[in-house]
Each structure stands twice: as structure tokens, then as C-alpha cells.
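Reading through the C-alpha cells given below for one structure.
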Amino acid sequence: MNSPIMIACAHGTSNAQGAAEVNALRAAIAELRPGLDVREAYVDVQQPDLVDVVAGLPEGEPAVVVPLLLSVGYHVKVDIARAVKSRPGSAAAAPLGPDTRLAGLLDQRLREAGTTDNDVIVLAAAGSSNPNAAVSVEELLGQLQELRSNRIVAAYGASAQPSVPDAVAMLREELAGGAGAGESAGAVDVGGRVVIASYLLAPGFFHDQLAKAGADVVTEPLLPSATLAEIALDRYDAAVAGMNETPGAAPTQSPAEVPAEAREQAAADAQQGGFFKAVRRFVTKYFPR
């Protein structure tokens with residue numbers, strides 16, 4: 001049986017270099033997995049649009065959409081989820097981040113930029129209105145902190161706080177010894193700089209904004225790197241494994257055997273407006289696969 005088609009779905013950009021590097025990422029994925037059908041798609045700015053790519057798949061061919069995105073956000077939870085739901089036999093993989101390999105790649109970019117132990121770092125992500133995106137970035141920040149001793153804070157280009165310029169200003173104030181503090185106020189100059197670690201895939205609008213945020217140094221984006229292709233294939237493989245899972249055996253408990261208090265709690269949750277959430281929690285707990 002042929003492997004499911006991989007739809008490598010990126011955000012899209014009007015930046016020619018950024019678009020070229022994302023295309024090179026797709027080529028690297030195909031090179032690492034000879035014979036895999038890797039297709040191009042976008043959720044914004046560029047064509048072909050993901051919806052059109054999914055609609056145009058050969059009838060009966062399974063497919064996995066791999067988000068070439070660094071965290072869960074609107075495009076993953078809404079755009080990609082809707083496209084996958086529209087076509088039976090399709091599945092969505094997890095986004096590329098967080099991942100310890102991305103933390104290692106960020107550490108590499110920081111070293112390439114000459115970051116020292118005295119510098120403070122803003123981990124700059126694109127940002128999303130979905131709170132899960134910030135959770136993903138904070139997890140990545142924790143992984144980066146295991147590799148570096150620097151003070152590191154997360155910040156965002158849009159839709160979340162703090163903004164990158166605000167984080168840069170806050171850390172610069174810390175380096176100066178606090179608001180209004182100079183040498184006469186006892187501040188100690190340790191020679192540190194404010195460095196922005198660009199947690200972005202490629203050049204584009206958000207990376208261009210980082211140069212205007214007031215930092216001393218801005219690292220290069222994550223691409224080009226073979227690491228991203230390896231992570232994308234891992235996400236694809238995990239999704240394919242999920243598609244191929246054999247349905248579990250019959251549940252060990254019948255509804256009548258479930259404790260009465262559990263049924264009452266599920267009913268109470270439903271009355272509070274969380275009907276579908278309550279049902280999912282009820283089934284997952286008492287009818288494990």
C-alpha cells in the first residue's frame with residue numbers, strides 16, 4: 001500500500017526569500033523520504049490554497065496535512081482542521097513545535113550571532129489569539145533554558161503579550177539596573193546586550209519587524225536547516241500511525257457499571273453548556289481504547 005500523500009502546508013508569505021526557503025524545506029522532506037508524494041499548500045497569502053489542494057486529491061487516496069508552522073494556533077485549529085474534516089481519509093499532523101530539536105537549532109542561531117552569557121534574550125514568536133500557541137512557545141522557552149544560562153523571555157509579533165518591542169524595552173531596563181537607574185544609581189554594566197532569537201521559519205513580514213524592535217542583535221530564522229525536514233517527517237509518521245490504529249477491544253465497563261456519581265457529574269457538566277466536552281471526557285475515562 002502506498003504511503004498517504006503529505007500536504008506540507010505553510011502559512012504563506014510575499015517575501016521571495018522566505019517562499020524559496022519553505023519550498024526548499026519541502027524538497028528536503030521529499031529527499032529524505034524517496035517516493036513520498038509531497039504537495040504544496042498554504043493557508044494565507046500564497047497559492048495553492050489548502051482547501052483547493054485537499055479538494056483536488058485523487059479519489060480514495062489518503063492524505064496527511066503537515067503544518068509547516070511552529071505552534072498550535074488559528075490556522076492549525078481552524079483552517080487545517082476544517083480542510084481535513086471536509087475529506088474522509090485525511091488527517092492532520094501536529095505542528096513542528098515545540099520540539100527539543102528546535103531549541104537546539106535556536107541555540108545554534110544564537111551562537112552564530114555571537115550571543116554571550118551576559119546577554120539577555122527575547123524569544124520572538126509570531127503570536128496567535130489561540131492561548132495554546134503561547135503554551136507551546138513557553139514550552140520551547142523551557143527547552144531553550146536547559147541549553148543556555150541567559151535570562152530569556154518570550155514575546156510575540158501579534159495577537160499576544162508581551163509584544164517584542166515591549167520585551168526588548170523591559171530587558172534593556174533590567175540591564176540598566178531598573179527604571180531611572182544609571183551608573184550613579186549603582187547599576188553595574190556587565191556588557192550585556194538584548195538579543196532577539198527569531199522563532200520564525202523564514203524571512204517575511206514578522207522577521208522584518210524584529211529589526212525595528214530596538215534589540216542589539218536579531219538572529220536569523222530557523223531555515224535553512226535539515227532539522228525542520230526531519231521533524232516534519234516525524235509529525236507525518238505519527239499521524240499515519242494514528243490513521244492505521246486498529247479500533248480497540250470492547251470496553252471493560254458498560255454504562256450501567258460506570259459509577260453513579262460519574263454519570264451525575266457528566267450530566268451536571270452538560271447542563272453548564274459543555275455537553276460535547278462532557279461526553280468526550282466521560283467516554284475517554286470510562287471507555288478507554
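Residues in the C-alpha cells are named by chain (A, B, ... in the order shown) and by number from 1 within that chain; ligands are numbered from 1 in the order shown.
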If we count only C-alpha atoms and set the cut-off at 9 Å, which residues sit around region 224-228 of chain A, ignoring sequence neighbours fewer than 6 positions away in its own chain? Please answer as an mmCIF file with C-alpha atoms, in the first residue's frame.
```
data_model
loop_
_atom_site.group_PDB
_atom_site.id
_atom_site.type_symbol
_atom_site.label_atom_id
_atom_site.label_comp_id
_atom_site.auth_asym_id
_atom_site.auth_seq_id
_atom_site.Cartn_x
_atom_site.Cartn_y
_atom_site.Cartn_z
ATOM 1 C CA GLU A 21 13.233 28.569 1.758
ATOM 2 C CA VAL A 22 9.861 26.970 2.507
ATOM 3 C CA ALA A 24 13.423 24.115 -0.199
ATOM 4 C CA LEU A 25 12.079 22.594 3.023
ATOM 5 C CA ALA A 28 14.359 18.360 1.668
ATOM 6 C CA ILE A 29 11.405 16.366 3.033
ATOM 7 C CA LEU A 68 4.840 23.832 8.473
ATOM 8 C CA LEU A 96 6.580 21.414 14.071
ATOM 9 C CA ARG A 101 15.466 19.901 18.259
ATOM 10 C CA LEU A 102 14.057 23.365 17.604
ATOM 11 C CA LEU A 105 18.513 24.983 16.439
ATOM 12 C CA LEU A 201 10.695 29.649 9.979
ATOM 13 C CA ALA A 202 11.874 32.053 7.306
#
```
Shell of 12 Å around Ser3 (chain A), only C-alpha atoms, local chain residues under 6 positions omitted, as a tab-separated table (two decimals) with N, CA, C and O atoms, in the first residue's frame:
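Full text of selection.tsv as output:
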```
chain	number	residue	atom	x	y	z
A	33	ARG	N	12.70	11.21	2.14
A	33	ARG	CA	11.74	10.12	2.04
A	33	ARG	C	11.43	9.88	0.55
A	33	ARG	O	10.37	10.28	0.06
A	34	PRO	N	12.33	9.22	-0.18
A	34	PRO	CA	12.10	8.98	-1.61
A	34	PRO	C	10.79	8.23	-1.84
A	34	PRO	O	10.45	7.30	-1.12
A	35	GLY	N	10.05	8.67	-2.83
A	35	GLY	CA	8.79	8.02	-3.16
A	35	GLY	C	7.58	8.64	-2.48
A	35	GLY	O	6.44	8.37	-2.89
A	36	LEU	N	7.79	9.45	-1.46
A	36	LEU	CA	6.67	10.11	-0.78
A	36	LEU	C	6.16	11.26	-1.64
A	36	LEU	O	6.94	12.10	-2.11
A	37	ASP	N	4.86	11.30	-1.86
A	37	ASP	CA	4.23	12.37	-2.62
A	37	ASP	C	4.03	13.57	-1.69
A	37	ASP	O	3.16	13.56	-0.82
A	38	VAL	N	4.87	14.59	-1.85
A	38	VAL	CA	4.83	15.79	-1.00
A	38	VAL	C	4.23	16.94	-1.81
A	38	VAL	O	4.79	17.33	-2.84
A	61	GLU	N	-7.49	8.32	-2.20
A	61	GLU	CA	-6.10	8.40	-1.72
A	61	GLU	C	-6.08	9.06	-0.34
A	61	GLU	O	-6.56	10.18	-0.18
A	62	PRO	N	-5.50	8.40	0.67
A	62	PRO	CA	-5.38	9.03	1.98
A	62	PRO	C	-4.33	10.15	1.94
A	62	PRO	O	-3.43	10.15	1.10
A	63	ALA	N	-4.47	11.10	2.85
A	63	ALA	CA	-3.54	12.22	2.89
A	63	ALA	C	-3.37	12.71	4.31
A	63	ALA	O	-4.27	12.59	5.14
A	64	VAL	N	-2.20	13.26	4.59
A	64	VAL	CA	-1.90	13.86	5.89
A	64	VAL	C	-1.44	15.30	5.65
A	64	VAL	O	-0.50	15.54	4.88
A	236	TYR	N	4.50	13.60	10.37
A	236	TYR	CA	3.76	12.83	9.37
A	236	TYR	C	3.64	11.37	9.80
A	236	TYR	O	2.54	10.79	9.77
A	237	ASP	N	4.74	10.77	10.23
A	237	ASP	CA	4.73	9.36	10.63
A	237	ASP	C	3.79	9.13	11.81
A	237	ASP	O	3.08	8.12	11.87
A	239	ALA	N	1.13	10.88	12.55
A	239	ALA	CA	-0.25	10.99	12.07
A	239	ALA	C	-0.67	9.73	11.31
A	239	ALA	O	-1.80	9.26	11.45
A	240	VAL	N	0.24	9.20	10.49
A	240	VAL	CA	-0.06	7.97	9.74
A	240	VAL	C	-0.31	6.82	10.71
A	240	VAL	O	-1.24	6.02	10.52
A	241	ALA	N	0.52	6.72	11.74
A	241	ALA	CA	0.32	5.68	12.74
A	241	ALA	C	-1.05	5.79	13.39
A	241	ALA	O	-1.72	4.79	13.65
A	243	MET	N	-3.72	7.04	11.97
A	243	MET	CA	-4.72	6.64	10.98
A	243	MET	C	-4.84	5.12	10.89
A	243	MET	O	-5.91	4.57	10.61
A	244	ASN	N	-3.73	4.43	11.15
A	244	ASN	CA	-3.68	2.98	10.98
A	244	ASN	C	-4.00	2.20	12.25
A	244	ASN	O	-3.96	0.97	12.24
```
**OP:** Enumerate the residues of region 40-237 of chain A with a DSSP assignment of strand (DSSP E or B), computed from the backbone, and present them as a PyMOL selection string.
**Re:** chain A and resi 40-42+49+63-67+90-92+120-125+151-156+163+194-198+217-218
Subject >> Between CA of Tyr199 (chain A) and CA of Val120 (chain A) - distance in Å to one decimal >> reply: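 Distance reported for this atom pair: 15.5 Å.
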Subject >> DSSP helix (DSSP H, G or I) residues within region 82-256 of chain A, as a count of residues only >> reply: 73
Original post:
Excluding same-chain residues fewer than 3 positions from Val72 (chain A), what lies within 7 Å of it counting only C-alpha atoms, as a PyMOL selection string?
Top reply: chain A and resi 76-77+95+132-133
Just to be explicit: take each residue in the selection above, keep N, CA, C and O atoms, and write the result as a PDB file, in the first residue's frame.
```pdb
ATOM      1  N   VAL A  76      -3.978  26.093  12.523  1.00  0.00           N
ATOM      2  CA  VAL A  76      -3.990  24.656  12.808  1.00  0.00           C
ATOM      3  C   VAL A  76      -5.367  24.217  13.287  1.00  0.00           C
ATOM      4  O   VAL A  76      -5.932  23.223  12.813  1.00  0.00           O
ATOM      5  N   LYS A  77      -5.925  24.963  14.252  1.00  0.00           N
ATOM      6  CA  LYS A  77      -7.167  24.544  14.900  1.00  0.00           C
ATOM      7  C   LYS A  77      -8.405  24.796  14.045  1.00  0.00           C
ATOM      8  O   LYS A  77      -9.429  24.145  14.242  1.00  0.00           O
ATOM      9  N   PRO A  95       1.823  20.444  14.579  1.00  0.00           N
ATOM     10  CA  PRO A  95       2.785  21.420  14.053  1.00  0.00           C
ATOM     11  C   PRO A  95       4.210  21.047  14.426  1.00  0.00           C
ATOM     12  O   PRO A  95       4.442  20.132  15.219  1.00  0.00           O
ATOM     13  N   ASN A 132      -3.276  28.276  23.234  1.00  0.00           N
ATOM     14  CA  ASN A 132      -2.405  27.107  23.142  1.00  0.00           C
ATOM     15  C   ASN A 132      -1.092  27.430  22.453  1.00  0.00           C
ATOM     16  O   ASN A 132      -0.079  26.772  22.693  1.00  0.00           O
ATOM     17  N   ALA A 133      -1.091  28.441  21.588  1.00  0.00           N
ATOM     18  CA  ALA A 133       0.140  28.832  20.913  1.00  0.00           C
ATOM     19  C   ALA A 133       1.160  29.363  21.916  1.00  0.00           C
ATOM     20  O   ALA A 133       2.349  29.034  21.851  1.00  0.00           O
TER      21      ALA A 133
END
```
**OP:** Just the residues within 12 Å of Ala103 (chain A), please, counting only C-alpha atoms, with nothing from its chain fewer than 6 positions along; format it as number ranges by chain.
**Re:** A: 70, 96-97, 109-110, 123, 137-148, 197-199, 222, 227-228
Subject >> Counting only C-alpha atoms, the residue of A:Ala134, A:Ala83, A:Ala154, A:Ile196 that sits nearest Leu50 (chain A) >> reply: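 Looking at the shortest contact to Leu50 (chain A), the residue is A:Ala83.
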Subject >> Between CA of Glu112 (chain A) and CA of Ala160 (chain A) - distance in Å to one decimal >> reply: 28.1 Å
Subject >> Closest of A:Gly204, A:Ala167, A:Arg82, A:Leu32 to Leu223 (chain A) - atom-to-atom distances counting only C-alpha atoms >> reply: A:Gly204
**OP:** Determine, counting only C-alpha atoms, which protein, DNA and RNA residues have an atom within 10 Å of an atom of Gln46 (chain A); residues of the same chain fewer than 4 positions away are not included. Present the result as a list of chain:residue names.
**Re:**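 Residues meeting the cut-off are A:Ala10, A:His11, A:Gly12, A:Thr13, A:Ser14, A:Ala19, A:Ala41, A:Tyr42, A:Leu50.
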Original post:
What's the 9 Å shell around Gly127 (chain A), counting only C-alpha atoms, without same-chain residues fewer than 3 positions away, as a list in words?
Top reply: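 Surrounding residues, per the criterion: Gly73, Ala124, Asn130, Ala133, Ala134, Ala155, Tyr156, Gly157, Ala158, Ser159, Ala160, Gln161 and Ser163 of chain A.
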